[in-house]
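**Q** One structure coming up, written as structure tokens, with questions to follow.
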There are 2 protein chains.
Amino acid sequence: MEQKMQQLKAILADLADLGGALAILSWDQQTYMPPGAAEMRGQQLGTIGRIAHEKGASKELGDLLKALKPYAASLDPDSDDARIVKHALRDYERATCIPPEFVVEQNEVTTLANQAWAEARAKSDFSIFHPHLEKIVELVHRYVGFFPPAEHPYDILLDAYEPGMKTSEVKAIFNALRPQQVELIKAISAKPQVDDSFLHQPFDEQKQWDFGVEVITKFGYDWQRGRQDKSTHPFTGGPGMNDVRLTTRVAPDFFNTMIFGTMHEAGHAMYGQGPSQALLRTNLTDGASLAVHESQSRMWENLVGRSLPFWQYFYPRLQEYFPQLKGVSLDSFYKGVNKVQPSLIRVEADEATYNLHIMLRLELEIAIVEGKVPVKDLPEAWNKKMKEYLGVTPPNDAVGVLQDIHWSWGLMGYFSTYALGNLISAQLWEKIDQDLPDLAAQIRQGKFEALLGWLREKIHIHGRKFEPQELAQRVTGSKIDSAPYVKYLKTKYGQIYGL
Amino acid sequence: MEQKMQQLKAILADLADLGGALAILSWDQQTYMPPGAAEMRGQQLGTIGRIAHEKGASKELGDLLKALKPYAASLDPDSDDARIVKHALRDYERATCIPPEFVVEQNEVTTLANQAWAEARAKSDFSIFHPHLEKIVELVHRYVGFFPPAEHPYDILLDAYEPGMKTSEVKAIFNALRPQQVELIKAISAKPQVDDSFLHQPFDEQKQWDFGVEVITKFGYDWQRGRQDKSTHPFTGGPGMNDVRLTTRVAPDFFNTMIFGTMHEAGHAMYGQGPSQALLRTNLTDGASLAVHESQSRMWENLVGRSLPFWQYFYPRLQEYFPQLKGVSLDSFYKGVNKVQPSLIRVEADEATYNLHIMLRLELEIAIVEGKVPVKDLPEAWNKKMKEYLGVTPPNDAVGVLQDIHWSWGLMGYFSTYALGNLISAQLWEKIDQDLPDLAAQIRQGKFEALLGWLREKIHIHGRKFEPQELAQRVTGSKIDSAPYVKYLKTKYGQIYGL
């Protein structure tokens with residue numbers, strides 16, 4: 001059995017290496033690839049994706065796993081080996097549903113769609129992206145059809161990112177959350193608005209970049225095992241663990257874009273760098289789920305990066321970079337970066353309105369999967385919901401339906417994980433508050449070692465070993481719960497807006 | 001048979017895609033990869049190299065080729081399909097000699113060796129690279145042992161880069177060439193030296209970069225299908241055809257490093273971009289051989305880039321970038337960039353001494369392969385030959401035996417192709433002179449379309465279809481011949497040094 005376990009690990013190492021190559025090809029596609037290489041890149045991704053799929057769905061692997069199942073059941077269920085077999089079985093079952101030709105087609109379609117999306121967004125012309133998105137929706141329907149029927153077809157999409165989570169559960173969480181967020185936003189709207197005009201002025205782009213680097217270096221992002229570049233849509237990529245790369249974008253006359261985007265991606269990237277080296281080249285190096293991943297990025301972006309202690313330390317540094325801020329008090333700056341105002345762009349939305357952007361997307365995706373909204377009507381449906389939930393209407397599709405890269409990559413079922421991540425971040429923070437009572441004082445001194453150490457020990461080091469609900473239970477004593485997040489929002493914004 | 005041909009092409013397309021992925025992984029390794037990712041990258045390259053090797057040596061491919069051999073013989077021997085089968089057979093025969101485990105080991109060893117070389121060179125400490133080079137030499141011996149015995153074991157290494165060329169042939173060409181180059185250098189040494197002190201002064205790095213970009217844009221390098229970055233050792237890489245990337249390096253106080261390196265790599269890159277699109281994803285997209293590749297890089301670097309007509313156009317532009325050159329006449333500048341002086345660094349050597357650097361390396365490599373020089377004695381052997389051939393002794397190994405990246409990649413048998421490339425470049429140039437009688441006038445106006453067009457039509461478009469001697473014969477009417485190069489050197493340097 002030990003020998004079969006070694007055979008399994010050799011196959012998983014091959015899959016990790018192929019995945020690593022795909023990650024670099026994708027990273028390059030979003031950062032440095034010349035435009036004329038798009039078609040070739042689609043073919044390269046298609047071929048390597050197909051080879052990885054063939055290995056991941058091979059009879060050899062299936063037979064090994066069948067033989068190893070009783071052995072794995074005899075091990076400590078929390079041991080690495082037991083979890084390696086468990087996840088390999090899950091992945092194998094998902095992989096064998098999907099014909100290899102489909103994977104090739106999917107990679108080719110999404111590579112071209114991604115290029116078209118970038119052009120469509122640049123020109124604010126949905127018609128450029130439309131035929132590609134039609135193809136992607138068709139692929140999504142075919143994808144769902146490969147699986148045994150679920151409670152809701154969208155469950156199959158969701159399960160890929162959030163193992164075990166049902167559409168009905170997510171809907172229930174969101175339905176409980178929505179009225180509380182809407183109530184909070186209403187209460188805030190009745191109060192005088194804070195001033196954030198100082199955030200909208202020219203900021204030297206290189207200095208912004210340098211400040212962002214200083215912040216995430218203090219956080220503990222390991223530059224020996226990663227790097228930062230620019231891209232249209234910030235993302236964290238790379239093969240993982242010892243090569244985790246983030247990207248950011250810098251707006252020349254709005255400070256928030258760079259700094260909160262950078263802290264967000266650094267949160268993902270530090271999680272990516274955090275698993276135990278013992279898990280290298282296994283199937284356990286990814287995070288527990290996208291929601292858990294998002295809990296890390298949102299924690300560093302918001303619970304740390306939008307907190308008063310954080311700016312008590314960093315604001316004097318920032319004023320050295322940008323002397324034009326010397327006339328703005330710390331209190332005004334803190335309130336400015338926490339301004340609540342319904343807006344168009346999800347990635348720039350504040351904490352209090354963010355989840356409403358997610359609900360809009362979730363509902364549109366479910367409608368697409370149910371066939372209730374044709375692709376051609378998406379811009380209109382998007383704008384209608386924006387008006388309904390946030391009271392704003394996008395003046396063009398670049399800041400409306402074209403703003404997110406996700407659909408161009410064929411990613412559906414993905415967005416709700418962002419909102420779940422917010423909830424988990426606050427839930428973890430409550431526990432951190434108990435375990436590290438002087439954390440605020442440490443942050444006021446620019447010290448993040450204890451916080452990163454806690455996250456490493458409780459979350460990162462396990463990689464993908466535990467499923468999200470299981471991890472939440474182990475670390476906080478309860479499953480994913482929206483109460484800490486609502487409490488956090490009410491306390492923080494109550495103080496800022498004097499509710 | 002048509003169907004079998006399609007099956008062959010599908011396999012070759014997979015191999016092209018895997019090769020493309022390896023090319024991006026290697027490019028990234030030399031440009032942007034964080035240092036902590038080195039070991040992972042070795043594993044990724046190892047695994048994908050092994051998968052490519054398995055495909056390229058598979059029984060399926062062997063059977064297909066066996067069946068297609070008579071069919072290919074029935075086609076026009078110059079047709080794409082006939083050549084695809086011919087080269088596939090050659091590659092298959094070479095691939096089936098090599099066990100897959102060896103390829104994995106080679107990739108892993110060279111990835112670590114390459115990192116060690118970079119460190120050794122930075123610290124000028126051969127002992128850091130020594131154990132890695134020992135491993136590489138051991139791999140070279142094992143590699144040679146996989147093939148049927150040849151006239152000389154070094155033939156097997158040479159044949160990988162220069163199909164059909166024998167060690168004895170190359171030695172003969174070099175033995176004929178050496179006395180003429182030595183005689184020329186002696187004659188030059190007896191004359192007053194030209195002044196090039198103005199090339200050794202601070203040049204703003206960004207302006208240098210911009211000037212290099214301007215030059216290669218004029219040449220016709222296609223930025224839609226490529227890009228330029230910085231690396232320690234300039235190279236041209238990428239998957240080829242529609243994604244051909246060059247790198248350069250910029251010395252802050254010596255102008256030649258950037259400009260001639262950039263033109264050199266652009267020569268490779270334009271060749272890489274030049275094959276017919278009909279050859280995409282076949283086995284014919286590479287160049288005919290490394291020597292033919294080098295004929296292109298050396299032509300743009302030297303026959304174009306170190307010519308008087310070139311600087312008649314570009315020198316006024318350069319003086320705008322660098323006003324400190326306004327006091328230096330065109331004639332002085334032209335002589336300065338063509339100064340002949342035995343020196344330490346191959347890639348910065350002048351045309352008249354360059355081939356002597358190659359002869360040194362060829363002789364050391366042959367001695368290594370014959371087991372006559374142990375790796376530990378290489379620094380001493382290197383320095384001794386430098387003294388003997390060029391009259392100079394490296395003050396440290398960074399500018400001696402550690403200067404080239406090639407051995408760290410496991411490349412032996414490679415260097416002589418540089419000198420052969422010089423010979424071919426002059427041979428082609430004689431023919432171009434006949435076909436494009438007003439080329440000098442065009443270059444004086446900054447026009448390179450006719451030259452690039454000629455190279456595209458005669459050389460580039462064929463990709464790898466023709467073997468190097470065959471291509472030389474087709475284009476110039478004779479096989480590789482050193483006479484045009486000697487004549488070119490004597491004419492040019494006779495004029496510059498008043499011989």
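Following the order of the structure tokens, chains are lettered A, B, ..., residues in each are numbered from 1, and ligands are numbered from 1.
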Quick one: residues within 8 Å of region 25-39 of chain B, only C-alpha atoms, excluding same-chain residues fewer than 4 positions away - as a PyMOL selection string?
**A** (chain A and resi 21+24-25+223-227+242-243) or (chain B and resi 21+43+45+111-112+115+229-232+237-238)
**Q** For the residues selected in the previous step, produce a file with N, CA and C atoms as a PDB file, in the first residue's frame.
**A**
```
ATOM      1  N   ALA A  21       2.694  24.804 -14.852  1.00  0.00           N
ATOM      2  CA  ALA A  21       2.965  25.340 -16.191  1.00  0.00           C
ATOM      3  C   ALA A  21       1.762  26.140 -16.687  1.00  0.00           C
ATOM      4  N   ILE A  24       1.719  29.532 -15.024  1.00  0.00           N
ATOM      5  CA  ILE A  24       2.672  30.503 -15.581  1.00  0.00           C
ATOM      6  C   ILE A  24       2.187  30.993 -16.945  1.00  0.00           C
ATOM      7  N   LEU A  25       1.673  30.088 -17.771  1.00  0.00           N
ATOM      8  CA  LEU A  25       1.146  30.501 -19.084  1.00  0.00           C
ATOM      9  C   LEU A  25      -0.004  31.496 -18.912  1.00  0.00           C
ATOM     10  N   TRP A 223       8.966  38.009  -0.918  1.00  0.00           N
ATOM     11  CA  TRP A 223       9.393  38.344  -2.290  1.00  0.00           C
ATOM     12  C   TRP A 223      10.345  37.321  -2.883  1.00  0.00           C
ATOM     13  N   GLN A 224      10.939  36.481  -2.026  1.00  0.00           N
ATOM     14  CA  GLN A 224      11.783  35.419  -2.571  1.00  0.00           C
ATOM     15  C   GLN A 224      10.939  34.374  -3.299  1.00  0.00           C
ATOM     16  N   ARG A 225       9.668  34.324  -2.951  1.00  0.00           N
ATOM     17  CA  ARG A 225       8.796  33.295  -3.516  1.00  0.00           C
ATOM     18  C   ARG A 225       7.603  33.938  -4.226  1.00  0.00           C
ATOM     19  N   GLY A 226       7.842  35.096  -4.812  1.00  0.00           N
ATOM     20  CA  GLY A 226       6.765  35.761  -5.531  1.00  0.00           C
ATOM     21  C   GLY A 226       7.212  37.062  -6.130  1.00  0.00           C
ATOM     22  N   ARG A 227       6.311  37.758  -6.807  1.00  0.00           N
ATOM     23  CA  ARG A 227       6.616  39.045  -7.397  1.00  0.00           C
ATOM     24  C   ARG A 227       5.303  39.781  -7.652  1.00  0.00           C
ATOM     25  N   ASN A 242       5.809  28.135  -3.552  1.00  0.00           N
ATOM     26  CA  ASN A 242       7.097  28.818  -3.667  1.00  0.00           C
ATOM     27  C   ASN A 242       7.163  29.755  -4.869  1.00  0.00           C
ATOM     28  N   ASP A 243       6.037  30.002  -5.510  1.00  0.00           N
ATOM     29  CA  ASP A 243       5.987  30.916  -6.657  1.00  0.00           C
ATOM     30  C   ASP A 243       4.558  31.454  -6.766  1.00  0.00           C
TER      31      ASP A 243
ATOM     32  N   ALA B  21       5.162  25.754 -24.253  1.00  0.00           N
ATOM     33  CA  ALA B  21       5.062  25.922 -22.794  1.00  0.00           C
ATOM     34  C   ALA B  21       6.453  25.917 -22.164  1.00  0.00           C
ATOM     35  N   GLN B  43      11.364  21.198 -11.585  1.00  0.00           N
ATOM     36  CA  GLN B  43      10.429  20.069 -11.626  1.00  0.00           C
ATOM     37  C   GLN B  43       9.415  20.222 -12.753  1.00  0.00           C
ATOM     38  N   LEU B  45       9.786  21.978 -15.574  1.00  0.00           N
ATOM     39  CA  LEU B  45      10.472  21.749 -16.845  1.00  0.00           C
ATOM     40  C   LEU B  45      10.763  20.262 -17.031  1.00  0.00           C
ATOM     41  N   THR B 111      18.530  23.144 -14.478  1.00  0.00           N
ATOM     42  CA  THR B 111      17.826  24.244 -13.818  1.00  0.00           C
ATOM     43  C   THR B 111      18.603  24.712 -12.585  1.00  0.00           C
ATOM     44  N   LEU B 112      19.051  23.759 -11.774  1.00  0.00           N
ATOM     45  CA  LEU B 112      19.830  24.134 -10.596  1.00  0.00           C
ATOM     46  C   LEU B 112      21.200  24.686 -11.004  1.00  0.00           C
ATOM     47  N   GLN B 115      20.974  28.332 -11.973  1.00  0.00           N
ATOM     48  CA  GLN B 115      20.914  29.230 -10.813  1.00  0.00           C
ATOM     49  C   GLN B 115      22.306  29.370 -10.187  1.00  0.00           C
ATOM     50  N   ASP B 229      12.731  42.324 -23.042  1.00  0.00           N
ATOM     51  CA  ASP B 229      12.920  42.483 -21.607  1.00  0.00           C
ATOM     52  C   ASP B 229      14.419  42.472 -21.305  1.00  0.00           C
ATOM     53  N   LYS B 230      14.737  42.622 -20.019  1.00  0.00           N
ATOM     54  CA  LYS B 230      16.139  42.569 -19.622  1.00  0.00           C
ATOM     55  C   LYS B 230      16.465  41.214 -19.015  1.00  0.00           C
ATOM     56  N   SER B 231      17.697  40.756 -19.242  1.00  0.00           N
ATOM     57  CA  SER B 231      18.173  39.557 -18.554  1.00  0.00           C
ATOM     58  C   SER B 231      19.687  39.630 -18.447  1.00  0.00           C
ATOM     59  N   THR B 232      20.222  38.813 -17.543  1.00  0.00           N
ATOM     60  CA  THR B 232      21.676  38.822 -17.316  1.00  0.00           C
ATOM     61  C   THR B 232      22.430  38.534 -18.615  1.00  0.00           C
ATOM     62  N   GLY B 237      13.887  34.013 -27.108  1.00  0.00           N
ATOM     63  CA  GLY B 237      13.128  32.839 -26.685  1.00  0.00           C
ATOM     64  C   GLY B 237      11.662  32.976 -27.036  1.00  0.00           C
ATOM     65  N   GLY B 238      10.859  32.213 -26.328  1.00  0.00           N
ATOM     66  CA  GLY B 238       9.423  32.198 -26.615  1.00  0.00           C
ATOM     67  C   GLY B 238       9.085  31.031 -27.520  1.00  0.00           C
TER      68      GLY B 238
END
```
**Q** Neighbouring residues of region 132-145 of chain A were defined as those with any atom within 9 Å, considering only C-alpha atoms; residues of the same chain fewer than 2 positions away were excluded. Please report them as number ranges by chain.
**A** A: 97-98, 102, 105-106, 109-110, 112-114, 116-117, 128-130, 147-149, 153-154, 156-157, 368-369, 374-376, 407-412
**Q** Take the residues just selected and output them with N, CA and C atoms as a compact mmCIF listing (two decimals), in the first residue's frame.
**A**
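Listed below is the output, result-v4.txt:
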```
# COMPACT_ATOMS: atom_id res chain seq x y z
N CYS A 97 -16.15 12.92 -15.22
CA CYS A 97 -17.41 13.37 -15.82
C CYS A 97 -17.17 14.11 -17.14
N ILE A 98 -15.99 14.72 -17.29
CA ILE A 98 -15.76 15.69 -18.36
C ILE A 98 -14.94 15.07 -19.48
N PHE A 102 -13.79 18.34 -24.37
CA PHE A 102 -14.48 19.50 -23.80
C PHE A 102 -13.49 20.45 -23.14
N GLU A 105 -11.66 22.42 -25.79
CA GLU A 105 -12.55 23.42 -26.37
C GLU A 105 -12.73 24.59 -25.39
N GLN A 106 -12.92 24.26 -24.12
CA GLN A 106 -13.12 25.27 -23.09
C GLN A 106 -11.90 26.20 -23.00
N VAL A 109 -11.80 28.36 -26.23
CA VAL A 109 -12.86 29.38 -26.24
C VAL A 109 -12.56 30.50 -25.25
N THR A 110 -12.13 30.12 -24.04
CA THR A 110 -11.95 31.16 -23.02
C THR A 110 -10.72 32.01 -23.31
N LEU A 112 -9.70 33.01 -26.28
CA LEU A 112 -10.15 34.03 -27.25
C LEU A 112 -11.15 34.98 -26.58
N ALA A 113 -12.02 34.42 -25.74
CA ALA A 113 -13.02 35.24 -25.06
C ALA A 113 -12.34 36.27 -24.16
N ASN A 114 -11.27 35.85 -23.54
CA ASN A 114 -10.57 36.75 -22.64
C ASN A 114 -9.97 37.93 -23.40
N ALA A 116 -11.11 39.06 -26.25
CA ALA A 116 -12.26 39.85 -26.72
C ALA A 116 -12.81 40.70 -25.58
N TRP A 117 -12.87 40.12 -24.39
CA TRP A 117 -13.36 40.87 -23.24
C TRP A 117 -12.50 42.11 -22.99
N ILE A 128 -18.63 43.18 -28.91
CA ILE A 128 -17.37 42.46 -29.18
C ILE A 128 -17.29 41.19 -28.33
N PHE A 129 -17.78 41.29 -27.10
CA PHE A 129 -17.71 40.16 -26.16
C PHE A 129 -18.89 39.21 -26.33
N HIS A 130 -20.02 39.74 -26.80
CA HIS A 130 -21.28 38.99 -26.86
C HIS A 130 -21.16 37.58 -27.46
N PHE A 147 -22.77 16.11 -15.28
CA PHE A 147 -22.85 15.64 -13.89
C PHE A 147 -24.22 15.03 -13.60
N PRO A 148 -24.28 14.18 -12.58
CA PRO A 148 -25.61 13.69 -12.16
C PRO A 148 -26.45 14.90 -11.72
N PRO A 149 -27.77 14.83 -11.96
CA PRO A 149 -28.61 15.98 -11.61
C PRO A 149 -28.49 16.35 -10.13
N PRO A 153 -29.25 23.11 -10.87
CA PRO A 153 -28.06 22.97 -11.75
C PRO A 153 -26.90 23.87 -11.32
N TYR A 154 -27.21 24.99 -10.70
CA TYR A 154 -26.16 25.92 -10.27
C TYR A 154 -25.30 25.33 -9.14
N ILE A 156 -23.88 22.56 -9.13
CA ILE A 156 -22.72 21.90 -9.75
C ILE A 156 -21.61 22.92 -10.00
N LEU A 157 -22.00 24.12 -10.37
CA LEU A 157 -21.01 25.17 -10.60
C LEU A 157 -20.41 25.62 -9.28
N ILE A 368 -29.06 33.00 -15.89
CA ILE A 368 -28.42 32.49 -17.11
C ILE A 368 -28.49 30.97 -17.14
N VAL A 369 -28.14 30.35 -16.01
CA VAL A 369 -28.14 28.88 -15.95
C VAL A 369 -29.55 28.34 -16.13
N PRO A 374 -31.42 35.85 -21.66
CA PRO A 374 -30.49 35.59 -22.78
C PRO A 374 -29.28 36.52 -22.67
N VAL A 375 -28.16 36.06 -23.20
CA VAL A 375 -26.91 36.82 -23.10
C VAL A 375 -27.06 38.24 -23.62
N LYS A 376 -27.80 38.37 -24.73
CA LYS A 376 -27.92 39.70 -25.34
C LYS A 376 -28.61 40.71 -24.39
N TRP A 407 -16.29 36.01 -16.25
CA TRP A 407 -17.06 35.27 -17.25
C TRP A 407 -16.22 34.97 -18.49
N SER A 408 -15.28 35.88 -18.81
CA SER A 408 -14.45 35.63 -19.99
C SER A 408 -13.55 34.41 -19.78
N TRP A 409 -13.29 34.07 -18.52
CA TRP A 409 -12.53 32.85 -18.23
C TRP A 409 -13.46 31.63 -18.09
N GLY A 410 -14.73 31.86 -18.30
CA GLY A 410 -15.68 30.76 -18.16
C GLY A 410 -16.06 30.48 -16.71
N LEU A 411 -15.73 31.40 -15.81
CA LEU A 411 -16.00 31.19 -14.39
C LEU A 411 -17.42 31.62 -14.02
N MET A 412 -18.28 30.66 -13.78
CA MET A 412 -19.60 30.95 -13.22
C MET A 412 -19.75 30.10 -11.95
```
**Q** According to DSSP computed on the backbone, where in region 122-212 of chain B is there helix (DSSP H, G or I)? Give the residues as a PyMOL selection string.
**A** chain B and resi 122-123+126-145+153-161+167-189+197-199+205-212
**Q** Do a neighbour search on Gln473 (chain A) at 12 Å with only C-alpha atoms, toss out local chain neighbours closer than 4 positions, and write the hits as a PyMOL selection string.
**A** chain A and resi 424+427-428+431+458-459+466-469+477-481
**Q** I'd like the neighbourhood of region 317-324 of chain A as number ranges by chain, where a residue qualifies if any of its atoms comes within 8 Å (using only C-alpha atoms), though same-chain residues fewer than 3 positions away should be ignored.
**A** A: 203, 207, 211, 313-314, 327
